[in-house]
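Engineer: mmCIF, C-alpha atoms and all ligand atoms, file coords.cif:
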```cif
data_model
loop_
_atom_site.label_atom_id
_atom_site.label_comp_id
_atom_site.auth_asym_id
_atom_site.auth_seq_id
_atom_site.Cartn_x
_atom_site.Cartn_y
_atom_site.Cartn_z
CA MET A 29 -23.54 -7.17 4.19
CA HIS A 30 -25.81 -6.94 1.19
CA ARG A 31 -22.91 -6.27 -1.13
CA HIS A 32 -21.61 -9.78 -0.45
CA THR A 33 -24.78 -11.76 -1.07
CA ASN A 34 -24.28 -11.61 -4.83
CA LEU A 35 -20.75 -12.98 -4.78
CA GLN A 36 -18.61 -12.04 -7.74
CA PRO A 37 -15.31 -13.89 -8.30
CA LEU A 38 -12.57 -11.89 -6.60
CA PRO A 39 -8.82 -12.35 -6.76
CA LEU A 40 -7.79 -14.86 -4.08
CA THR A 41 -5.61 -12.33 -2.28
CA LYS A 42 -8.60 -10.03 -1.81
CA ARG A 43 -10.73 -12.84 -0.47
CA HIS A 44 -8.17 -13.69 2.18
CA SER A 45 -8.05 -10.06 3.29
CA VAL A 46 -11.80 -10.02 4.16
CA PRO A 47 -12.25 -9.86 7.97
CA PRO A 48 -13.25 -13.33 9.26
CA GLU A 49 -16.02 -12.01 11.56
CA SER A 50 -18.37 -11.42 8.61
CA SER A 51 -20.35 -14.59 7.70
CA SER A 52 -20.31 -13.78 3.98
CA ALA A 53 -16.60 -13.14 4.31
CA ARG A 54 -16.25 -16.60 5.87
CA ILE A 55 -18.12 -18.06 2.87
CA LEU A 56 -15.69 -16.26 0.60
CA VAL A 57 -12.67 -17.63 2.43
CA THR A 58 -14.13 -21.15 2.44
CA ARG A 59 -14.97 -20.97 -1.26
CA GLY A 60 -11.52 -19.68 -2.00
CA GLN A 61 -10.00 -22.68 -0.21
CA VAL A 62 -12.30 -25.10 -2.03
CA TYR A 63 -11.45 -23.56 -5.43
CA ALA A 64 -7.75 -23.69 -4.61
CA LYS A 65 -8.03 -27.38 -3.62
CA ILE A 66 -9.97 -28.21 -6.80
CA LEU A 67 -7.31 -26.41 -8.82
CA ILE A 68 -4.52 -28.37 -7.15
CA ILE A 69 -6.36 -31.69 -7.75
CA LEU A 70 -7.01 -30.79 -11.39
CA LEU A 71 -3.37 -29.84 -11.93
CA TYR A 72 -2.32 -33.12 -10.31
CA ILE A 73 -4.67 -35.21 -12.47
CA GLY A 74 -3.61 -33.21 -15.50
CA SER A 75 0.12 -33.63 -15.13
CA PRO A 76 1.33 -36.97 -16.49
CA LEU A 77 3.20 -39.20 -14.06
CA PRO A 78 6.77 -38.85 -15.37
CA LEU A 79 6.35 -35.08 -15.35
CA LYS A 80 5.36 -34.88 -11.69
CA SER A 81 8.92 -34.03 -10.81
CA GLN A 82 10.06 -30.50 -11.51
CA VAL A 83 12.54 -31.71 -14.16
CA ARG A 84 10.48 -31.16 -17.26
CA LEU A 85 7.86 -28.72 -16.05
CA SER A 86 9.13 -26.23 -18.59
CA GLU A 87 7.95 -28.56 -21.35
CA ILE A 88 4.36 -28.59 -20.21
CA ASN A 89 2.19 -26.56 -22.47
CA PRO A 90 -0.66 -25.25 -20.28
CA VAL A 91 -3.27 -25.45 -23.03
CA PRO A 92 -2.99 -29.19 -23.84
CA SER A 93 -2.61 -29.83 -20.12
CA LEU A 94 -5.98 -28.22 -19.43
CA GLN A 95 -7.49 -30.14 -22.34
CA ARG A 96 -6.15 -33.36 -20.84
CA VAL A 97 -7.68 -32.54 -17.46
CA ILE A 98 -11.08 -31.97 -19.04
CA LYS A 99 -10.72 -35.13 -21.13
CA ARG A 100 -9.80 -37.23 -18.10
CA ILE A 101 -12.73 -35.93 -16.09
CA SER A 102 -15.18 -36.53 -18.91
CA ASN A 103 -13.75 -40.06 -19.39
CA ILE A 104 -14.25 -40.80 -15.69
CA LEU A 105 -17.83 -39.56 -15.90
CA LYS A 106 -18.47 -41.62 -19.03
CA TYR A 107 -16.70 -44.91 -18.20
CA GLY A 108 -16.24 -44.90 -14.44
CA LEU A 109 -13.08 -45.34 -12.37
CA GLY A 110 -10.40 -48.02 -12.14
CA GLU A 111 -9.57 -51.00 -14.34
CA ALA A 112 -13.25 -51.62 -15.19
CA GLY A 113 -13.54 -48.03 -16.43
CA ARG A 114 -10.37 -48.34 -18.49
CA GLU A 115 -11.64 -51.62 -19.99
CA ARG A 116 -14.97 -49.99 -20.94
CA LYS A 117 -13.07 -47.12 -22.56
CA ARG A 118 -10.81 -49.51 -24.53
CA ALA A 119 -13.80 -51.52 -25.80
CA ASP A 120 -15.64 -48.35 -26.82
CA LYS A 121 -12.57 -47.01 -28.66
CA GLU A 122 -12.12 -50.32 -30.46
CA ARG A 123 -15.77 -50.35 -31.56
CA LEU A 124 -15.54 -46.79 -32.90
CA ARG A 125 -12.27 -47.62 -34.68
CA GLN A 126 -13.86 -50.65 -36.36
CA GLU A 127 -16.90 -48.59 -37.44
CA LYS A 128 -14.64 -45.88 -38.82
CA PHE A 129 -12.45 -48.37 -40.72
CA GLU A 130 -15.56 -49.93 -42.29
CA SER A 131 -17.00 -46.54 -43.28
CA GLU A 132 -13.77 -45.13 -44.77
CA ARG A 133 -12.75 -45.41 -48.40
CA TRP A 134 -9.91 -47.85 -49.07
CA ASN A 135 -8.54 -49.19 -52.38
CA LYS A 136 -8.23 -52.96 -52.51
CA ASP A 137 -5.34 -54.73 -54.16
CA GLY A 138 -5.76 -58.40 -53.30
CA ASP A 139 -5.18 -58.71 -49.57
CA ILE A 140 -3.66 -55.25 -49.23
CA VAL A 141 -5.77 -52.12 -48.76
CA THR A 142 -4.61 -48.53 -49.23
CA ARG A 143 -6.37 -45.43 -47.96
CA GLN A 144 -7.92 -43.31 -50.72
CA TYR A 145 -6.18 -39.94 -50.81
CA ALA A 146 -7.11 -37.19 -53.26
CA SER A 147 -3.41 -36.92 -54.19
CA TYR A 148 0.09 -37.77 -53.04
CA GLU A 149 0.30 -34.26 -51.52
CA ALA A 150 -2.85 -34.99 -49.50
CA TYR A 151 -1.15 -38.16 -48.16
CA VAL A 152 1.99 -36.21 -47.17
CA GLU A 153 -0.07 -33.52 -45.48
CA HIS A 154 -2.16 -36.06 -43.57
CA GLN A 155 0.84 -38.10 -42.36
CA SER A 156 2.76 -34.98 -41.37
CA ALA A 157 -0.09 -33.71 -39.20
CA LYS A 158 0.02 -36.46 -36.56
CA LEU A 159 3.01 -35.31 -34.53
CA ASP A 160 1.47 -32.03 -33.37
CA GLN A 161 -1.54 -33.87 -31.96
CA ILE A 162 0.41 -36.38 -29.92
CA ALA A 163 3.69 -34.65 -29.03
CA HIS A 164 2.74 -34.22 -25.35
CA ARG A 165 1.77 -37.91 -25.03
CA LEU A 166 5.05 -39.02 -26.63
CA ARG A 167 7.02 -37.07 -24.05
CA GLU A 168 5.15 -38.88 -21.29
CA THR A 169 6.10 -42.30 -22.65
CA GLU A 170 9.57 -41.66 -24.10
CA ASP A 171 11.48 -43.65 -21.44
CA GLU A 172 9.16 -46.62 -21.83
CA ASP A 173 9.36 -46.39 -25.65
CA PHE A 174 13.17 -46.23 -25.50
CA ALA A 175 13.28 -49.40 -23.37
CA ASP A 176 10.83 -51.10 -25.75
CA PHE A 177 12.98 -50.32 -28.81
CA LYS A 178 16.13 -51.47 -27.03
CA ASP A 179 14.43 -54.75 -26.19
CA ARG A 180 13.25 -55.21 -29.81
CA PHE A 181 16.80 -54.62 -31.09
CA GLN A 182 18.58 -56.73 -28.48
CA GLY A 183 16.37 -59.66 -29.42
CA CYS A 184 17.24 -59.31 -33.12
CA LYS A 185 20.29 -61.55 -33.64
CA ALA A 186 21.19 -60.46 -37.18
CA LEU A 187 21.25 -56.77 -36.24
CA SER A 188 24.47 -57.17 -34.27
CA GLU A 189 26.41 -57.50 -37.56
CA ALA A 190 25.17 -54.11 -38.85
CA GLY A 191 27.29 -51.00 -38.35
CA SER A 192 25.00 -48.42 -39.94
CA VAL A 193 21.21 -48.44 -39.62
CA LEU A 194 18.72 -46.15 -41.33
CA CYS A 195 15.32 -45.83 -39.59
CA LEU A 196 12.30 -45.03 -41.76
CA GLY A 197 9.43 -43.01 -40.24
CA ALA A 198 11.42 -42.43 -37.04
CA ARG A 199 9.44 -39.37 -35.83
CA LEU A 200 11.23 -38.08 -32.68
CA GLY A 201 14.01 -40.67 -33.07
CA THR A 202 13.46 -42.94 -30.07
CA GLU A 203 14.50 -46.00 -32.11
CA VAL A 204 17.58 -44.11 -33.33
CA ARG A 205 18.61 -43.34 -29.73
CA ALA A 206 18.07 -46.99 -28.78
CA LEU A 207 20.37 -48.06 -31.65
CA HIS A 208 23.00 -45.55 -30.49
CA ALA A 209 22.79 -47.05 -27.02
CA LEU A 210 23.63 -50.40 -28.64
CA ASN A 211 26.64 -48.88 -30.45
CA HIS A 212 25.25 -48.67 -33.98
CA PHE A 213 25.66 -45.69 -36.25
CA ALA A 214 22.01 -44.76 -36.86
CA ILE A 215 19.98 -41.94 -38.37
CA GLY A 216 16.26 -41.60 -39.06
CA ILE A 217 14.13 -39.90 -41.67
CA ASP A 218 10.56 -38.74 -41.23
CA LEU A 219 8.10 -36.48 -43.05
CA ASN A 220 7.76 -34.56 -39.80
CA PRO A 221 10.63 -34.94 -37.33
CA GLY A 222 9.55 -31.85 -35.38
CA GLU A 223 11.95 -29.03 -34.60
CA ASN A 224 15.60 -29.33 -33.58
CA ASN A 225 15.69 -33.10 -33.94
CA LEU A 226 19.30 -34.33 -33.74
CA HIS A 227 18.40 -37.92 -34.62
CA VAL A 228 15.94 -37.67 -37.50
CA LEU A 229 16.21 -35.79 -40.79
CA PRO A 230 13.22 -34.53 -42.75
CA GLY A 231 12.65 -37.00 -45.58
CA ASP A 232 10.17 -39.18 -47.43
CA PHE A 233 10.81 -42.93 -47.62
CA HIS A 234 9.46 -42.98 -51.18
CA HIS A 235 12.47 -40.88 -52.31
CA ILE A 236 15.46 -41.21 -49.99
CA ALA A 237 18.45 -38.90 -50.40
CA PHE A 238 21.24 -41.41 -49.61
CA PRO A 239 23.29 -43.23 -52.29
CA ASP A 240 22.92 -46.82 -53.54
CA GLY A 241 24.29 -49.56 -51.27
CA SER A 242 25.15 -47.06 -48.52
CA VAL A 243 23.68 -48.75 -45.41
CA ASP A 244 24.10 -52.10 -43.65
CA ALA A 245 20.53 -52.24 -42.34
CA ILE A 246 17.20 -50.47 -42.58
CA TYR A 247 14.70 -50.57 -39.73
CA THR A 248 11.04 -49.56 -39.73
CA ASN A 249 7.85 -50.09 -37.76
CA VAL A 250 5.72 -47.99 -40.11
CA MET A 251 4.93 -50.15 -43.14
CA ASP A 252 1.29 -49.29 -42.39
CA HIS A 253 2.04 -45.63 -43.30
CA VAL A 254 3.30 -46.33 -46.82
CA PHE A 255 1.58 -44.73 -49.83
CA ASP A 256 3.22 -46.76 -52.60
CA LEU A 257 4.58 -50.10 -51.41
CA GLU A 258 6.50 -50.89 -54.61
CA LYS A 259 8.34 -47.57 -54.54
CA VAL A 260 9.31 -47.92 -50.88
CA MET A 261 10.57 -51.48 -51.35
CA ALA A 262 12.58 -50.38 -54.40
CA GLU A 263 14.18 -47.61 -52.29
CA ILE A 264 15.00 -50.06 -49.50
CA ASN A 265 16.60 -52.44 -52.00
CA ARG A 266 18.59 -49.61 -53.62
CA LEU A 267 19.98 -48.29 -50.31
CA LEU A 268 21.02 -51.60 -48.77
CA ARG A 269 24.53 -52.86 -49.43
CA PRO A 270 24.67 -56.41 -50.86
CA GLY A 271 23.87 -58.79 -48.02
CA GLY A 272 22.26 -55.92 -46.05
CA LEU A 273 19.26 -56.34 -43.73
CA PHE A 274 15.74 -54.96 -43.85
CA ILE A 275 14.16 -55.24 -40.39
CA ALA A 276 10.40 -54.67 -40.31
CA ASP A 277 8.27 -54.66 -37.17
CA LEU A 278 4.77 -55.45 -38.43
CA LEU A 279 1.34 -55.07 -36.89
CA GLN A 280 -1.21 -57.82 -37.25
CA GLY A 281 -3.48 -57.84 -40.31
CA PHE A 282 -7.07 -56.59 -40.26
CA ASP A 283 -8.32 -60.19 -40.27
CA GLU A 284 -6.04 -61.01 -37.34
CA GLY A 285 -7.29 -58.50 -34.79
CA PHE A 286 -5.73 -55.16 -35.71
CA VAL A 287 -8.13 -52.42 -36.78
CA PRO A 288 -6.44 -49.73 -38.90
CA GLY A 289 -6.72 -46.31 -37.30
CA GLU A 290 -6.87 -42.74 -38.49
CA TYR A 291 -3.30 -42.62 -39.89
CA GLU A 292 -2.87 -46.05 -41.44
CA ALA A 293 -2.34 -45.57 -45.19
CA THR A 294 -1.70 -49.22 -46.10
CA HIS A 295 -2.87 -52.35 -44.44
CA TRP A 296 -2.92 -56.09 -44.98
CA ARG A 297 -5.40 -58.88 -44.38
CA ASN A 298 -2.86 -61.18 -42.79
CA THR A 299 0.79 -60.87 -41.90
CA ASP A 300 2.05 -64.07 -43.60
CA GLU A 301 0.83 -62.89 -46.98
CA PHE A 302 2.18 -59.38 -46.44
CA ILE A 303 5.62 -60.75 -45.52
CA GLU A 304 5.60 -62.78 -48.70
CA ARG A 305 4.71 -59.66 -50.68
CA LEU A 306 7.60 -57.70 -49.10
CA ARG A 307 9.99 -60.57 -49.76
CA ASN A 308 8.99 -60.72 -53.45
CA LEU A 309 9.08 -56.96 -53.97
CA GLY A 310 12.54 -56.66 -52.42
CA GLY A 311 13.88 -59.91 -53.90
CA PHE A 312 14.98 -60.76 -50.34
CA GLY A 313 15.54 -63.90 -48.31
CA ILE A 314 14.09 -64.24 -44.80
CA GLU A 315 16.69 -64.33 -42.03
CA GLU A 316 14.54 -64.17 -38.88
CA ASP A 317 10.82 -64.13 -38.14
CA ARG A 318 9.56 -63.91 -34.56
CA ASN A 319 6.54 -62.74 -32.63
CA ILE A 320 7.60 -59.96 -30.32
CA GLY A 321 4.28 -59.92 -28.51
CA GLN A 322 2.04 -57.18 -27.28
CA ARG A 323 3.60 -53.73 -26.91
CA ARG A 324 1.04 -51.25 -25.63
CA ARG A 325 -2.24 -51.98 -27.40
CA ASP A 326 -0.86 -53.84 -30.42
CA THR A 327 0.73 -57.20 -31.15
CA TRP A 328 3.88 -57.17 -33.28
CA ARG A 329 5.96 -59.51 -35.41
CA GLN A 330 9.57 -58.77 -36.33
CA VAL A 331 10.84 -59.98 -39.68
CA VAL A 332 14.45 -59.67 -40.85
CA PHE A 333 14.91 -59.82 -44.64
CA ARG A 334 18.33 -60.14 -46.25
CA LYS A 335 19.34 -58.71 -49.60
CA ALA A 336 21.31 -61.19 -51.72
CA PRO A 337 25.11 -60.85 -51.34
CA ALA A 338 26.96 -59.49 -54.40
C1 LIG B 401 3.22 -44.39 -36.03
S1 LIG B 401 4.46 -43.19 -36.32
C2 LIG B 401 5.86 -44.11 -35.78
C3 LIG B 401 7.00 -43.27 -35.34
C4 LIG B 401 8.20 -44.01 -34.74
N1 LIG B 401 8.73 -45.02 -35.60
C5 LIG B 401 7.85 -44.57 -33.40
O1 LIG B 401 7.56 -45.78 -33.30
O2 LIG B 401 7.83 -43.83 -32.43
C6 LIG B 401 4.56 -43.12 -38.07
C7 LIG B 401 5.57 -42.11 -38.56
O3 LIG B 401 5.76 -42.29 -39.96
C8 LIG B 401 5.98 -41.04 -40.55
N2 LIG B 401 5.73 -41.13 -41.99
C9 LIG B 401 4.57 -41.38 -42.61
N3 LIG B 401 4.74 -41.40 -43.94
C10 LIG B 401 6.06 -41.16 -44.18
C11 LIG B 401 6.85 -41.05 -45.34
N4 LIG B 401 6.32 -41.17 -46.57
N5 LIG B 401 8.17 -40.81 -45.21
C12 LIG B 401 8.73 -40.67 -43.98
N6 LIG B 401 8.02 -40.75 -42.82
C13 LIG B 401 6.70 -40.99 -42.92
C14 LIG B 401 5.01 -40.13 -39.81
O4 LIG B 401 5.36 -38.77 -39.94
C15 LIG B 401 5.13 -40.66 -38.38
O5 LIG B 401 6.09 -39.96 -37.67
#
```
Since I need it in another form, could you write the structure as C-alpha cells?
Ligand SMILES: C[S@@+](CC[C@H](N)C(=O)[O-])C[C@H]1O[C@@H](n2cnc3c(N)ncnc32)[C@H](O)[C@@H]1O
Structural biologist:
Amino acid sequence: MHRHTNLQPLPLTKRHSVPPESSSARILVTRGQVYAKILIILLYIGSPLPLKSQVRLSEINPVPSLQRVIKRISNILKYGLGEAGRERKRADKERLRQEKFESERWNKDGDIVTRQYASYEAYVEHQSAKLDQIAHRLRETEDEDFADFKDRFQGCKALSEAGSVLCLGARLGTEVRALHALNHFAIGIDLNPGENNLHVLPGDFHHIAFPDGSVDAIYTNVMDHVFDLEKVMAEINRLLRPGGLFIADLLQGFDEGFVPGEYEATHWRNTDEFIERLRNLGGFGIEEDRNIGQRRRDTWRQVVFRKAPA
C-alpha cells in the first residue's frame, strides 16, 4: 500500500492493470481517466474547426498545435469566455498595436511612412519570415480566403477583360487559385512562397523577371509591404501591356482607423491621397474605385488603374 501513496506517473496501460480492490489503485485508475479526458478536451480545443475531420490530420504539426492549446487556455484565463472575451482580446490587441506603431521608427515622406530597415536585405529577411509563423493559421482559413478573393474579383467589372493576371505578394497563391476558378491565366510572385507552390514563383516585386508589356492585369493586396514605392510602380508600369489594368486592394490609412502591424513596411495617412500618389507614379487613369467593406479585421477599398493605351 505504501508504495502507492507517493504516486509517480505511470504509463496508462499499467494503471489500468492495477487490481481495482486497492483504494490507491482506484485513485490511479480515476486519475488516469481524468488525464485522458483532459487530453481529449485539449486536443479538441487545439484542433482548428476545418481540421476536425480526418482529411487533413496529416498536416497538423503537433508542436504548433500544442502551442495553440496553451495560447487558447491562457487567452480564456486572461479575457474570459464568449463574445465578451473575444471583444476584450481584440481591444487589447489593438491597443498594443497602436503603442507599438507609435514606438517604432518610421521614415516620413509627406503622408506616407516607411519602416526604417538597416538595409534592403534586412527588409527582405523580415518580410520573408512571416509565412513560417502563420502557415498553420492560413491552412485553417484557406477556404474562407478563397471565397473572399473570388468575391473581390467577381465584383471587379474591368477584370473580366483581362486574360493574364500577375499577382504580387501572393504568398500561398489563394488569389491565384481564385483567378483560375474564374478562367484567367494567373501566376503569383512572392519573396517566400513556401515549398512546392504550384501557383506562386519566388520573386521580388521591386525587380520582376517578366518582359515589358507582357501581362493584361496586375493584382495586389500588399502595397503596405513595399520597400520602395517608386520602383514597384515603375515595374508595374513596365510589365503591363498598353491599356492594361493595375488592381490594388488597399487598407485604410493610419488616420482612418488602420494601425500598421509588425510587417507593414509602407503606410499612408489616408487612402485618397495614396491613390493619387499611385496614379501619378504609374501615369495611370482610374477605372474603378469601390469600398469592398470589412474582410476579417480590416476594411478595404479596391481601385482599378488603367495604363494609357498605345
Ligand atoms: C499580408 S501577406 C499577403 C499574402 C496574400 N496576398 C494573401 O492575401 O493571402 C504579404 C505578402 O507579401 C510578400 N512580400 C513582401 N514583400 C515582398 C516583395 N518585395 N516581393 C514579393 N513579395 C513580397 C510577403 O512575403 C507576404 O507573403
Engineer: Find the nearest atom pair between each residue of chain A and ligand LIG 401 (chain B) for residues within 8 Å, count only C-alpha atoms and all ligand atoms, give distances in Å to one decimal, sort rows by chain and ascending number, and present the table as CSV.
Structural biologist:
```
residue,atom,partner,partner_atom,distance
A:Tyr151,CA,B:LIG401,N3,7.9
A:Val152,CA,B:LIG401,N4,6.6
A:Gln155,CA,B:LIG401,C9,5.0
A:Ser156,CA,B:LIG401,O4,4.8
A:Ala157,CA,B:LIG401,O4,7.5
A:Lys158,CA,B:LIG401,O4,6.7
A:Leu159,CA,B:LIG401,O5,6.4
A:Asp173,CA,B:LIG401,O2,7.4
A:Cys195,CA,B:LIG401,N1,7.7
A:Leu196,CA,B:LIG401,C12,6.1
A:Gly197,CA,B:LIG401,N6,3.7
A:Ala198,CA,B:LIG401,N1,4.0
A:Arg199,CA,B:LIG401,O5,3.9
A:Leu200,CA,B:LIG401,O2,6.7
A:Gly201,CA,B:LIG401,C4,6.9
A:Thr202,CA,B:LIG401,O2,6.2
A:Glu203,CA,B:LIG401,N1,6.8
A:Ile217,CA,B:LIG401,C12,5.9
A:Asp218,CA,B:LIG401,N6,3.6
A:Leu219,CA,B:LIG401,N6,4.3
A:Asn220,CA,B:LIG401,O4,4.8
A:Pro221,CA,B:LIG401,O5,6.8
A:Pro230,CA,B:LIG401,C12,7.7
A:Gly231,CA,B:LIG401,C12,5.6
A:Asp232,CA,B:LIG401,N5,3.4
A:Phe233,CA,B:LIG401,N5,4.2
A:His234,CA,B:LIG401,N4,5.9
A:Thr248,CA,B:LIG401,N1,6.6
A:Asn249,CA,B:LIG401,N1,5.6
A:Val250,CA,B:LIG401,C6,5.4
A:His253,CA,B:LIG401,C9,5.0
A:Val254,CA,B:LIG401,N3,5.9
A:Phe255,CA,B:LIG401,N4,6.8
A:Tyr291,CA,B:LIG401,C1,7.8
```
Engineer: Could you check which residues have any atom within 12 Å of (3.7, -53.3, -25.3), counting all atoms listed in the file with coordinates taken straight from the file, and then list them as a list in words?
Structural biologist: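 These residues have at least one counted atom within 12 Å: Thr169, Glu172, Asp173, Phe174, Ala175, Asp176, Phe177, Asp179, Arg180, Leu279, Ile320, Gly321, Gln322, Arg323, Arg324, Arg325, Asp326, Thr327 and Trp328 of chain A.
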Engineer: Quick one: distance from CA of Lys136 in chain A to CA of Gly310 in chain A in Å, one decimal?
Structural biologist: 21.1 Å
Engineer: Contacts of Ala119 in chain A at 12 Å or less, counting only C-alpha atoms, minus same-chain residues fewer than 6 places along, as a ChimeraX atom specification?
Structural biologist: /A:107,112-113,125-126,325
Engineer: Mind writing the picked residues with C-alpha atoms as a PDB file, keeping the file's coordinate frame?
Structural biologist:
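Final file, again15.pdb:
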```pdb
ATOM      1  CA  TYR A 107     -16.700 -44.910 -18.200  1.00  0.00           C
ATOM      2  CA  ALA A 112     -13.250 -51.620 -15.190  1.00  0.00           C
ATOM      3  CA  GLY A 113     -13.540 -48.030 -16.430  1.00  0.00           C
ATOM      4  CA  ARG A 125     -12.270 -47.620 -34.680  1.00  0.00           C
ATOM      5  CA  GLN A 126     -13.860 -50.650 -36.360  1.00  0.00           C
ATOM      6  CA  ARG A 325      -2.240 -51.980 -27.400  1.00  0.00           C
TER       7      ARG A 325
END
```
Engineer: Which residue gives the smallest distance to Ile140 in chain A among A:His212, A:Arg100, A:Arg297, A:Arg307, with all atoms listed in the file counted?
Structural biologist: A:Arg297
